[in-house]
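A.B. asks: Contents of data.txt (compact mmCIF, C-alpha atoms):
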# COMPACT_ATOMS: atom_id res chain seq x y z
CA MET I 929 90.88 89.99 172.98
CA ARG I 930 93.86 88.43 171.37
CA THR I 931 94.40 88.88 167.71
CA GLY I 932 93.66 86.08 165.34
CA LYS I 933 97.23 85.84 164.14
CA GLU I 934 98.58 85.35 167.59
CA LYS I 935 96.08 82.65 168.27
CA LYS I 936 96.72 80.79 165.09
CA SER I 937 100.42 80.57 165.70
CA GLY I 938 99.92 79.17 169.16
CA ARG I 939 97.29 76.81 168.00
CA ARG I 940 98.91 74.93 165.22
CA PHE I 941 99.10 71.79 167.31
CA GLY I 942 96.42 73.20 169.43
CA ARG I 943 93.49 70.94 169.53
CA ARG I 944 95.32 67.67 169.44
CA PRO I 945 95.31 67.13 173.21
CA LEU I 946 91.61 67.85 173.32
CA VAL I 947 90.90 65.53 170.42
CA LEU I 948 92.97 62.89 172.15
CA LEU I 949 91.01 63.38 175.35
CA THR I 950 87.72 63.03 173.53
CA VAL I 951 88.82 59.93 171.67
CA LEU I 952 90.04 58.34 174.90
CA LEU I 953 86.78 59.16 176.61
CA ALA I 954 84.82 57.75 173.71
CA LEU I 955 86.78 54.52 173.85
CA ALA I 956 86.44 54.27 177.60
CA ALA I 957 82.73 54.92 177.30
CA ALA I 958 82.18 52.39 174.58
CA THR I 959 83.20 49.42 176.66
CA PRO I 960 80.88 49.51 179.66
CA ALA I 961 78.17 51.42 177.81
CA ARG I 962 75.80 52.30 180.60
CA ALA I 963 72.95 54.67 180.46
CA HIS I 964 72.17 57.16 183.09
CA LYS I 965 68.53 56.46 183.61
CA VAL I 966 66.36 54.19 185.62
CA MET I 967 63.79 51.72 184.45
CA VAL I 968 61.01 49.86 186.13
CA PHE I 969 59.40 46.74 184.69
CA ALA I 970 56.24 45.11 185.96
CA TRP I 971 54.43 41.91 185.20
CA ILE I 972 51.48 40.17 186.75
CA SER I 973 51.57 36.62 187.93
CA GLY I 974 48.60 35.24 189.81
CA ASN I 975 47.18 38.15 191.70
CA GLN I 976 50.52 39.70 192.47
CA VAL I 977 52.15 42.46 190.52
CA HIS I 978 55.89 42.05 190.40
CA THR I 979 58.09 45.04 189.72
CA GLU I 980 61.78 45.20 189.13
CA SER I 981 63.77 48.40 189.03
CA LYS I 982 67.23 48.98 187.75
CA PHE I 983 69.59 51.52 186.36
CA SER I 984 70.23 50.54 182.83
CA GLY I 985 73.47 48.67 182.85
CA GLY I 986 71.94 46.33 185.35
CA ARG I 987 72.50 47.87 188.75
CA ARG I 988 69.43 47.27 190.89
CA VAL I 989 67.67 50.22 192.38
CA LYS I 990 67.80 49.71 196.13
CA ALA I 991 65.30 51.54 198.29
CA GLY I 992 63.72 53.28 195.32
CA LYS I 993 60.24 54.61 195.80
CA ILE I 994 57.49 52.87 193.83
CA GLU I 995 54.18 54.61 193.37
CA VAL I 996 51.24 52.92 191.72
CA PHE I 997 48.56 55.01 190.03
CA ASP I 998 45.30 53.90 188.45
CA GLN I 999 43.92 54.99 185.07
CA ASP I 1000 42.70 58.32 186.54
CA GLY I 1001 46.03 59.14 188.06
CA LYS I 1002 44.90 58.33 191.57
CA LEU I 1003 47.65 57.11 193.84
CA LEU I 1004 46.81 53.57 194.89
CA LEU I 1005 49.80 52.52 196.90
CA THR I 1006 53.46 53.25 197.49
CA GLY I 1007 56.30 50.99 198.35
CA THR I 1008 60.06 50.65 198.44
CA THR I 1009 62.22 48.36 196.37
CA ASP I 1010 64.33 45.77 198.18
CA ASP I 1011 68.01 44.97 197.68
CA GLN I 1012 67.19 43.14 194.46
CA GLY I 1013 65.30 46.14 193.12
CA LYS I 1014 62.07 44.22 193.50
CA TYR I 1015 58.76 45.21 194.93
CA ASN I 1016 55.61 43.10 194.77
CA PHE I 1017 52.09 44.11 195.59
CA PRO I 1018 48.67 42.52 195.25
CA LEU I 1019 46.85 43.43 192.06
CA PRO I 1020 44.68 46.41 192.94
CA ALA I 1021 41.16 46.88 191.65
CA ALA I 1022 41.99 49.21 188.81
CA LYS I 1023 41.59 49.00 185.06
CA GLU I 1024 45.04 50.21 184.26
CA LEU I 1025 48.15 50.70 186.31
CA LYS I 1026 50.91 53.21 186.00
CA ILE I 1027 53.94 52.34 188.06
CA VAL I 1028 56.32 55.18 188.75
CA LEU I 1029 59.76 54.65 190.16
CA THR I 1030 61.57 57.52 191.83
CA ALA I 1031 65.17 56.62 192.53
CA GLY I 1032 66.27 59.89 194.06
CA MET I 1033 68.26 62.73 192.54
CA GLY I 1034 65.83 63.27 189.72
CA HIS I 1035 65.80 59.71 188.44
CA ARG I 1036 62.39 58.57 187.41
CA GLY I 1037 61.07 55.64 185.43
CA GLU I 1038 57.61 54.61 184.41
CA TRP I 1039 55.86 51.41 183.41
CA ARG I 1040 52.29 50.91 182.29
CA VAL I 1041 50.33 47.75 182.89
CA SER I 1042 47.70 47.69 180.16
CA ARG I 1043 43.98 47.09 180.50
CA GLU I 1044 44.21 43.81 178.57
CA GLU I 1045 47.01 42.49 180.71
CA ILE I 1046 45.08 43.19 183.89
CA LYS I 1047 41.89 41.70 182.49
CA ALA I 1048 43.68 38.53 181.46
CA ALA I 1049 45.41 38.28 184.81
CA ARG I 1050 42.18 38.80 186.68
CA ALA I 1051 40.35 36.14 184.69
CA GLU I 1052 43.19 33.78 185.37
CA ALA I 1053 43.26 34.63 189.05
CA SER I 1054 39.54 34.06 189.44
CA THR I 1055 39.73 30.56 187.99
CA GLY I 1056 42.75 29.93 190.15
CA ARG I 1057 40.87 31.04 193.24
CA ALA I 1058 37.90 28.85 192.40
CA ALA I 1059 40.15 25.85 192.28
CA LYS I 1060 41.82 26.73 195.54
CA PRO I 1061 39.90 24.42 197.85
CA ALA I 1062 41.44 21.51 196.01
CA ASP I 1063 44.89 22.93 196.26
CA GLY I 1064 46.54 19.88 197.78
CA GLY I 1065 47.85 18.51 194.50
CA GLY I 1066 45.73 15.56 193.36
CA GLU I 1067 44.07 14.94 196.69
CA ILE I 1068 40.34 14.63 196.54
CA ALA I 1069 38.44 17.19 198.54
CA PRO I 1070 34.94 15.88 198.83
CA ALA I 1071 33.47 19.06 200.29
CA ALA I 1072 34.87 21.29 197.57
CA ASP I 1073 31.83 22.51 195.73
CA SER I 1074 34.04 24.07 193.13
CA ARG I 1075 35.11 20.71 191.85
CA PRO I 1076 33.25 19.48 188.85
CA ALA I 1077 30.85 16.67 189.68
CA ALA I 1078 32.60 14.34 187.27
CA ALA I 1079 35.94 14.48 189.04
CA PRO I 1080 35.28 12.27 192.07
CA ALA I 1081 33.62 9.67 189.92
CA MET I 1082 36.53 9.65 187.58
CA SER I 1083 39.11 9.32 190.29
CA ALA I 1084 37.19 6.50 191.86
CA ASP I 1085 37.77 4.48 188.71
CA GLN I 1086 41.52 5.11 188.74
CA PRO I 1087 44.09 3.19 190.74
CA ALA I 1088 45.06 5.04 193.90
CA ALA I 1089 48.62 5.73 192.73
CA VAL I 1090 47.48 7.73 189.73
CA VAL I 1091 46.92 11.31 190.62
CA THR I 1092 43.86 12.73 189.02
CA LEU I 1093 43.38 16.37 188.38
CA SER I 1094 40.36 18.37 187.58
CA ARG I 1095 40.54 20.70 184.65
CA ARG I 1096 40.89 23.67 186.95
CA GLU I 1097 43.62 22.13 189.04
CA LEU I 1098 45.50 21.21 185.95
CA ARG I 1099 45.22 24.71 184.62
CA GLN I 1100 46.34 26.12 187.93
CA LEU I 1101 49.36 23.88 188.07
CA LEU I 1102 50.21 24.67 184.49
CA ASP I 1103 49.88 28.35 185.20
CA GLN I 1104 52.16 28.10 188.17
CA ALA I 1105 54.72 26.14 186.24
CA LEU I 1106 54.53 28.47 183.27
CA ASP I 1107 54.86 31.52 185.50
CA ARG I 1108 57.91 30.03 187.04
CA LYS I 1109 59.46 28.99 183.75
CA LEU I 1110 58.53 32.10 181.85
CA GLU I 1111 59.65 34.58 184.44
CA PRO I 1112 63.25 34.68 183.21
CA VAL I 1113 62.01 34.87 179.64
CA ILE I 1114 59.73 37.78 180.46
CA ARG I 1115 62.59 39.44 182.24
CA MET I 1116 64.84 38.93 179.26
CA LEU I 1117 62.24 40.45 176.99
CA THR I 1118 61.80 43.48 179.21
CA GLU I 1119 65.54 43.84 179.34
CA ALA I 1120 65.71 43.62 175.58
CA ARG I 1121 63.41 46.61 175.45
CA GLU I 1122 65.99 48.55 177.35
CA HIS I 1123 67.85 50.86 175.04
CA ARG I 1124 71.54 50.84 175.74
CA PRO I 1125 73.73 53.47 174.16
CA SER I 1126 75.52 51.80 171.33
CA LEU I 1127 78.65 52.87 169.55
CA THR I 1128 76.40 54.08 166.75
CA ASP I 1129 74.62 56.41 169.16
CA ILE I 1130 77.88 57.74 170.51
CA LEU I 1131 79.43 58.32 167.12
CA GLY I 1132 76.15 59.73 165.85
CA GLY I 1133 76.10 62.27 168.65
CA ILE I 1134 79.70 63.27 168.04
CA GLY I 1135 78.88 63.58 164.36
CA TYR I 1136 76.06 65.97 165.13
CA ILE I 1137 78.39 68.09 167.25
CA ILE I 1138 80.97 68.24 164.46
CA GLY I 1139 78.20 69.18 162.06
CA LEU I 1140 77.01 71.94 164.35
CA VAL I 1141 80.52 73.31 164.69
CA GLY I 1142 80.79 73.28 160.92
CA LEU I 1143 77.49 75.07 160.56
CA ALA I 1144 78.47 77.68 163.13
CA ALA I 1145 81.84 78.16 161.44
CA TYR I 1146 80.12 78.61 158.10
CA LEU I 1147 77.71 81.19 159.47
CA ARG I 1148 80.51 83.08 161.21
CA GLN I 1149 82.56 82.98 158.04
CA ARG I 1150 79.74 84.54 156.09
CA GLN I 1151 79.29 87.17 158.77
CA LYS I 1152 82.97 87.98 158.55
CA LYS I 1153 82.82 88.42 154.79
CA GLU I 1154 79.90 90.81 154.89
CA MET B 1343 72.86 64.08 187.46
CA HIS B 1344 70.38 64.26 184.61
CA ILE B 1345 66.91 65.04 185.86
CA SER B 1346 64.30 62.87 184.14
CA GLU B 1347 61.07 64.00 182.57
CA GLY B 1348 58.11 64.36 184.87
CA VAL B 1349 60.05 64.99 188.06
CA LEU B 1350 60.00 68.76 188.17
CA SER B 1351 57.07 71.12 188.25
CA GLY B 1352 56.21 73.54 185.46
CA PRO B 1353 57.62 76.73 186.98
CA VAL B 1354 60.96 75.07 187.72
CA LEU B 1355 61.16 73.77 184.17
CA LEU B 1356 60.30 77.16 182.72
CA SER B 1357 62.74 79.10 184.84
CA GLY B 1358 65.38 76.51 184.02
CA MET B 1359 64.71 76.99 180.32
CA ALA B 1360 64.83 80.78 180.69
CA LEU B 1361 68.13 80.69 182.56
CA ALA B 1362 69.61 78.19 180.13
CA ALA B 1363 68.50 80.30 177.18
CA ALA B 1364 70.07 83.40 178.72
CA GLY B 1365 73.31 81.56 179.45
CA THR B 1366 73.39 80.08 175.98
CA GLY B 1367 72.74 83.50 174.46
CA ILE B 1368 75.64 85.03 176.35
CA GLY B 1369 77.78 82.01 175.50
CA ILE B 1370 77.10 82.19 171.78
CA LYS B 1371 77.76 85.90 171.78
CA LYS B 1372 81.07 85.44 173.55
CA LEU B 1373 82.09 82.43 171.50
CA ASP B 1374 84.31 83.82 168.80
CA PHE B 1375 85.27 82.11 165.59
CA ASP B 1376 88.58 80.84 166.91
CA HIS B 1377 87.02 78.98 169.77
CA LEU B 1378 84.31 77.24 167.82
CA ALA B 1379 86.24 74.03 167.30
CA GLU B 1380 87.32 73.99 170.93
CA ALA B 1381 83.73 74.37 172.06
CA GLY B 1382 82.71 71.56 169.74
CA ILE B 1383 85.39 69.22 170.97
CA LEU B 1384 84.58 69.90 174.59
CA SER B 1385 80.92 69.43 173.83
CA ALA B 1386 81.73 66.03 172.36
CA ALA B 1387 83.83 65.22 175.41
CA PHE B 1388 80.91 66.08 177.68
CA PHE B 1389 78.61 64.06 175.49
CA VAL B 1390 80.65 60.89 175.99
CA ALA B 1391 81.83 61.54 179.53
CA SER B 1392 78.35 60.88 180.86
CA LEU B 1393 78.70 57.29 179.75
CA ILE B 1394 81.56 56.66 182.15
CA HIS B 1395 79.93 55.58 185.35
CA VAL B 1396 81.23 55.42 188.84
CA PRO B 1397 79.06 52.81 190.52
CA ILE B 1398 79.36 54.08 194.09
CA GLY B 1399 76.64 55.09 196.47
CA PRO B 1400 72.94 54.49 196.28
CA SER B 1401 72.72 55.81 192.75
CA SER B 1402 74.97 55.59 189.75
CA VAL B 1403 76.96 58.66 188.96
CA HIS B 1404 79.12 59.56 186.02
CA LEU B 1405 81.79 61.99 184.99
CA LEU B 1406 80.64 65.49 184.14
CA LEU B 1407 83.78 67.39 183.13
CA ASN B 1408 81.83 70.59 183.65
CA GLY B 1409 84.70 72.11 185.62
CA ILE B 1410 87.26 71.87 182.86
CA ILE B 1411 84.70 72.80 180.20
CA GLY B 1412 83.78 75.91 182.14
CA LEU B 1413 87.42 76.75 182.75
CA LEU B 1414 88.36 76.48 179.09
CA LEU B 1415 85.25 77.99 177.57
CA GLY B 1416 83.79 80.40 180.11
CA TRP B 1417 80.26 81.30 179.14
CA ALA B 1418 80.55 79.24 175.96
CA ALA B 1419 80.17 76.24 178.29
CA PHE B 1420 76.44 76.89 178.17
CA PRO B 1421 75.88 76.25 174.44
CA SER B 1422 78.42 73.40 174.47
CA ILE B 1423 76.77 71.60 177.35
CA MET B 1424 73.28 72.29 176.10
CA VAL B 1425 74.03 70.74 172.71
CA ALA B 1426 75.59 67.71 174.39
CA LEU B 1427 72.65 67.33 176.76
CA PHE B 1428 70.20 67.62 173.90
CA LEU B 1429 71.97 64.84 172.03
CA GLN B 1430 72.19 62.73 175.18
CA ALA B 1431 68.46 63.12 175.68
CA ILE B 1432 67.81 62.01 172.12
CA PHE B 1433 70.36 59.24 171.77
CA PHE B 1434 70.63 57.86 175.29
CA GLN B 1435 67.36 59.01 176.87
CA PHE B 1436 69.35 60.65 179.63
CA GLY B 1437 67.35 63.42 181.19
CA GLY B 1438 64.72 64.64 178.80
CA LEU B 1439 63.74 67.40 176.44
CA THR B 1440 61.51 69.22 178.91
CA THR B 1441 64.26 69.15 181.52
CA LEU B 1442 66.93 70.24 179.05
CA GLY B 1443 66.92 73.79 180.43
CA VAL B 1444 67.22 72.79 184.06
CA ASN B 1445 69.88 70.20 183.32
CA THR B 1446 71.88 72.72 181.31
CA VAL B 1447 71.83 75.22 184.15
CA VAL B 1448 72.66 72.53 186.72
CA MET B 1449 75.75 71.47 184.79
CA ALA B 1450 76.93 74.59 182.99
CA LEU B 1451 76.47 77.27 185.64
CA PRO B 1452 78.98 75.84 188.14
CA GLY B 1453 81.46 75.59 185.28
CA VAL B 1454 81.06 79.26 184.49
CA VAL B 1455 81.39 80.19 188.16
CA CYS B 1456 84.57 78.11 188.33
CA TYR B 1457 85.87 79.95 185.29
CA TYR B 1458 85.64 83.24 187.16
CA LEU B 1459 87.01 81.76 190.37
CA PHE B 1460 89.94 79.77 189.06
CA ALA B 1461 90.98 81.07 185.65
CA PRO B 1462 93.02 83.87 187.26
CA LEU B 1463 94.91 81.35 189.38
CA LEU B 1464 96.00 79.09 186.56
CA TRP B 1465 99.24 80.87 185.84
CA LYS B 1466 100.31 81.26 189.44
CA LYS B 1467 102.99 79.05 190.97
CA LYS B 1468 102.60 75.37 190.29
CA PRO B 1469 101.13 74.25 193.64
CA VAL B 1470 98.57 77.05 193.47
CA ALA B 1471 97.71 76.27 189.86
CA VAL B 1472 97.34 72.54 190.45
CA GLY B 1473 95.28 73.22 193.54
CA ALA B 1474 93.09 75.61 191.60
CA ALA B 1475 92.58 73.08 188.81
CA PHE B 1476 91.67 70.37 191.30
CA ALA B 1477 89.32 72.71 193.12
CA CYS B 1478 87.78 73.67 189.79
CA GLY B 1479 86.92 70.09 188.88
CA PHE B 1480 85.83 69.33 192.42
CA LEU B 1481 83.70 72.40 193.04
CA ALA B 1482 82.00 72.35 189.66
CA VAL B 1483 80.55 68.93 190.45
CA LEU B 1484 79.72 70.05 193.98
CA GLY B 1485 77.93 73.08 192.56
CA SER B 1486 76.00 70.85 190.17
CA ALA B 1487 74.97 68.56 193.00
CA LEU B 1488 73.75 71.54 195.01
CA LEU B 1489 71.86 72.98 192.04
CA LEU B 1490 70.33 69.57 191.48
CA GLY B 1491 69.18 69.57 195.08
CA GLY B 1492 67.82 73.08 194.58
CA ALA B 1493 65.90 72.09 191.45
CA LEU B 1494 64.47 69.03 193.17
CA TYR B 1495 63.61 71.02 196.28
CA PHE B 1496 60.60 72.50 194.55
CA SER B 1497 59.20 69.09 193.74
CA GLU B 1498 60.32 67.06 196.71
CA LYS B 1499 60.44 69.74 199.38
CA ASN B 1500 63.39 68.32 201.19
CA PHE B 1501 66.37 70.23 199.92
CA LEU B 1502 68.76 69.16 202.65
CA GLU B 1503 68.05 65.48 202.13
CA VAL B 1504 68.28 65.58 198.35
CA ALA B 1505 71.31 67.84 198.34
CA THR B 1506 73.11 65.73 200.93
CA LEU B 1507 72.35 62.61 198.95
CA ALA B 1508 73.49 64.21 195.72
CA VAL B 1509 76.69 65.53 197.27
CA MET B 1510 77.49 62.23 198.97
CA ALA B 1511 76.81 60.28 195.80
CA HIS B 1512 79.00 62.58 193.77
CA LEU B 1513 81.86 62.76 196.24
CA PRO B 1514 83.90 60.14 194.36
CA VAL B 1515 83.14 61.91 191.08
CA MET B 1516 84.24 65.22 192.59
CA ILE B 1517 87.58 63.77 193.59
CA ILE B 1518 88.06 62.03 190.24
CA GLU B 1519 87.09 65.15 188.34
CA GLY B 1520 89.43 67.23 190.46
CA ILE B 1521 92.31 64.92 189.59
CA ILE B 1522 91.34 64.77 185.90
CA THR B 1523 91.06 68.54 185.71
CA ALA B 1524 94.41 69.02 187.42
CA PHE B 1525 96.12 66.58 185.06
CA CYS B 1526 94.44 68.00 181.97
CA LEU B 1527 95.45 71.52 182.81
CA GLU B 1528 99.06 70.61 183.55
CA PHE B 1529 99.11 68.73 180.25
CA LEU B 1530 97.52 71.57 178.30
CA LYS B 1531 99.88 74.06 179.88
CA LYS B 1532 102.86 72.13 178.59
CA VAL B 1533 101.49 71.15 175.21
CA ASN B 1534 99.18 73.93 174.28
CA PRO B 1535 99.16 76.86 176.69
CA GLU B 1536 97.32 79.15 174.27
CA ILE B 1537 94.13 77.24 174.78
CA LEU B 1538 94.00 78.20 178.44
CA PRO B 1539 92.25 81.38 179.52
CA ALA B 1540 93.72 84.44 181.10
CA ARG B 1541 97.44 84.00 180.74
CA ALA B 1542 98.95 86.45 183.16
CA GLY B 1543 98.35 89.98 182.02
CA ARG B 1544 96.01 89.01 179.22
CA PRO B 1545 92.29 89.44 179.13
CA PRO B 1546 90.19 86.28 179.35
CA VAL B 1547 90.09 84.30 176.13
CA THR B 1548 86.39 84.50 175.69
CA GLY B 1549 86.23 88.21 176.50
CA ASN B 1550 84.48 90.17 173.85
Take the structure in the file and write it out as structure tokens.

C.D. replies:
Amino acid sequence: MRTGKEKKSGRRFGRRPLVLLTVLLALAAATPARAHKVMVFAWISGNQVHTESKFSGGRRVKAGKIEVFDQDGKLLLTGTTDDQGKYNFPLPAAKELKIVLTAGMGHRGEWRVSREEIKAARAEASTGRAAKPADGGGEIAPAADSRPAAAPAMSADQPAAVVTLSRRELRQLLDQALDRKLEPVIRMLTEAREHRPSLTDILGGIGYIIGLVGLAAYLRQRQKKE
Amino acid sequence: MHISEGVLSGPVLLSGMALAAAGTGIGIKKLDFDHLAEAGILSAAFFVASLIHVPIGPSSVHLLLNGIIGLLLGWAAFPSIMVALFLQAIFFQFGGLTTLGVNTVVMALPGVVCYYLFAPLLWKKKPVAVGAAFACGFLAVLGSALLLGGALYFSEKNFLEVATLAVMAHLPVMIIEGIITAFCLEFLKKVNPEILPARAGRPPVTGN
């Protein structure tokens, strides 16, 4: 072991290069702040569950493995994400869903679809399905028993050019339109939930390290004195 | 390179923690007063380096700097890297607290191995020294990728596949790290040679 004196003399300018290196790294890191983790989001629309997987920072997870578990941890289905990081599957008959993404090399993300969300989606899907026979826009389907009795009578009173819709059809169309319009909003919200490392985080971490070094130095100093 | 929570099985996590604790113990014991600041600075460098991503391959990989940290600190790389990983887990949600042990071993151990392999070569002729520095940066990442494959083997049961994937994905990082390590060491040699270990004829810096 070298003596302290020798070290001190050689170290007067000693740590500057290292400090410089750290500062440069910190600056370089601050610009494209990307986290090293993967995330999977899922939302239900109709009776499909849509999932989207990405590394935070926005890179899509291609060919990631998606596993879907129910509330008891039973594996329901597995799938692979496409080039857009997407994977869709029909809503399974489960009360709750846990969607696990494995992106290789120890990357893993999780998303829960809550009981309420599934219940709401299922209620919606069932009304949607009931209205299905009349799916051709405003066209009247006389044999469709799902149509309310009032509808044909009403449409008979209207001029032919006016498209009439039953309550269910209207709701279905609205749902479809809302799904389409809201999808980017939902995606934005899920992305907002993503926690990106901010400068505060980076500086905070460095601060902790400096604090720890200080603490260690203090303890060693006391040891030395004793 | 950070293994997330819930990927590994209990025994792997526990043995990772045990190994990391042992390494950290040795590291703290060998870390003398005069190297505290150095360890802290390198720890901070590691902490931020993981934010610099190289978006190549099927995954996203980032700089590790474990080669140069190992080379400069020896066993003290363990506590340095563990502290940085802990903070990364808390601040960035990289890896996780349960996988802290495994991740520490995966990243610190190759650094320590590189310390023993390459520290003696640093003060040889320039081509040898530069080569050794490059190899240090390169092999430390390679070692980490292999350890990662090893850790995942117990949960995924396909070591070769995982390890190949990890090595392929980190190939660009290995090359970049090799170059960074080589440049850093040449720079440190000129500016601040005392910081480097094992100057010819001297015992290693972190020797007790």

A.B. asks: Skip Glu1045 of chain I itself and residues of its chain fewer than 2 positions away, then list as a list of chain:residue names all residues within 12 Å of it, counting all atoms listed in the file.

C.D. replies: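 Counting only the stated atoms, we get I:Ala970, I:Trp971, I:Ile972, I:Ser973, I:Gly974, I:Asn975, I:Val977, I:Leu1019, I:Ala1022, I:Lys1023, I:Glu1024, I:Leu1025, I:Arg1040, I:Val1041, I:Ser1042, I:Arg1043, I:Lys1047, I:Ala1048, I:Ala1049, I:Arg1050, I:Ala1051, I:Glu1052.
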
A.B. asks: May I ask for the distance between atom CA of Val1390 of chain B and atom CA of Gly1013 of chain I, given in Å to one decimal place?

C.D. replies: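 Value for the atom CA of Val1390 of chain B-atom CA of Gly1013 of chain I distance: 27.3 Å.
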
A.B. asks: Record the distance separating atom CA of Val989 of chain I and atom CA of Arg1036 of chain I, expressed in Å with one decimal.

C.D. replies: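 Answer for the atom CA of Val989 of chain I to atom CA of Arg1036 of chain I separation: 11.1 Å.
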
A.B. asks: Please identify all polymer residues within 12 Å of Arg1148 of chain I, counting only C-alpha atoms, omitting same-chain residues fewer than 6 positions from it, and present them as a ChimeraX atom specification.

C.D. replies: /I:1141-1142,1154 /B:1370-1371,1373-1378

A.B. asks: So that I can see what lies close to segment 1487-1490 of chain B, please list as a short mmCIF file (atom, residue, chain, number, x, y, z; two decimals) with C-alpha atoms, keeping the file's coordinate frame the residues with an atom at most 6 Å from it, counting only C-alpha atoms and leaving out residues fewer than 5 positions away in the same chain.

C.D. replies:
data_model
loop_
_atom_site.label_atom_id
_atom_site.label_comp_id
_atom_site.auth_asym_id
_atom_site.auth_seq_id
_atom_site.Cartn_x
_atom_site.Cartn_y
_atom_site.Cartn_z
CA VAL B 1448 72.66 72.53 186.72
CA ALA B 1505 71.31 67.84 198.34
CA ALA B 1508 73.49 64.21 195.72
CA VAL B 1509 76.69 65.53 197.27
#

A.B. asks: With a cut-off of 8 Å and counting all atoms listed in the file, select all residues of chain B in contact with chain I and give the selection as a PyMOL selection string.

C.D. replies: chain B and resi 1343-1349+1375-1376+1378-1380+1382-1387+1389-1395+1400-1404+1425-1426+1429-1430+1433-1437+1490-1491+1494+1504+1507-1508+1530+1533-1537+1545-1550

A.B. asks: Can you tell me which residues surround Phe1420 of chain B at a distance of at most 10 Å, considering all atoms listed in the file, apart from same-chain residues fewer than 2 positions away, and format the answer as an NGL selection string?

C.D. replies: :B and (1362-1370 or 1381 or 1385 or 1408 or 1411-1412 or 1415-1418 or 1422-1426 or 1446-1447 or 1449-1451 or 1453-1454)

A.B. asks: What does the structure give for the distance between atom CA of Gln999 of chain I and atom CA of Lys1026 of chain I, in Å to one decimal?

C.D. replies: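 Separation of atom CA of Gln999 of chain I and atom CA of Lys1026 of chain I: 7.3 Å.
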
A.B. asks: Skip Thr979 of chain I itself and residues of its chain fewer than 4 positions away, then list as a list in words all residues within 10 Å of it, counting all atoms listed in the file.

C.D. replies: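 Contacts, with the query itself left out: Val968, Phe969, Ala970, Trp971, Ile972, Ile994, Thr1009, Gly1013, Lys1014, Tyr1015, Asn1016, Phe1017, Ile1027, Leu1029 and Trp1039 of chain I.
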
A.B. asks: Rank nothing, just name the residue among B:Gly1438, B:Gly1409, B:Pro1469, B:Gly1492 nearest to Cys1456 of chain B, using all atoms listed in the file.

C.D. replies: B:Gly1409
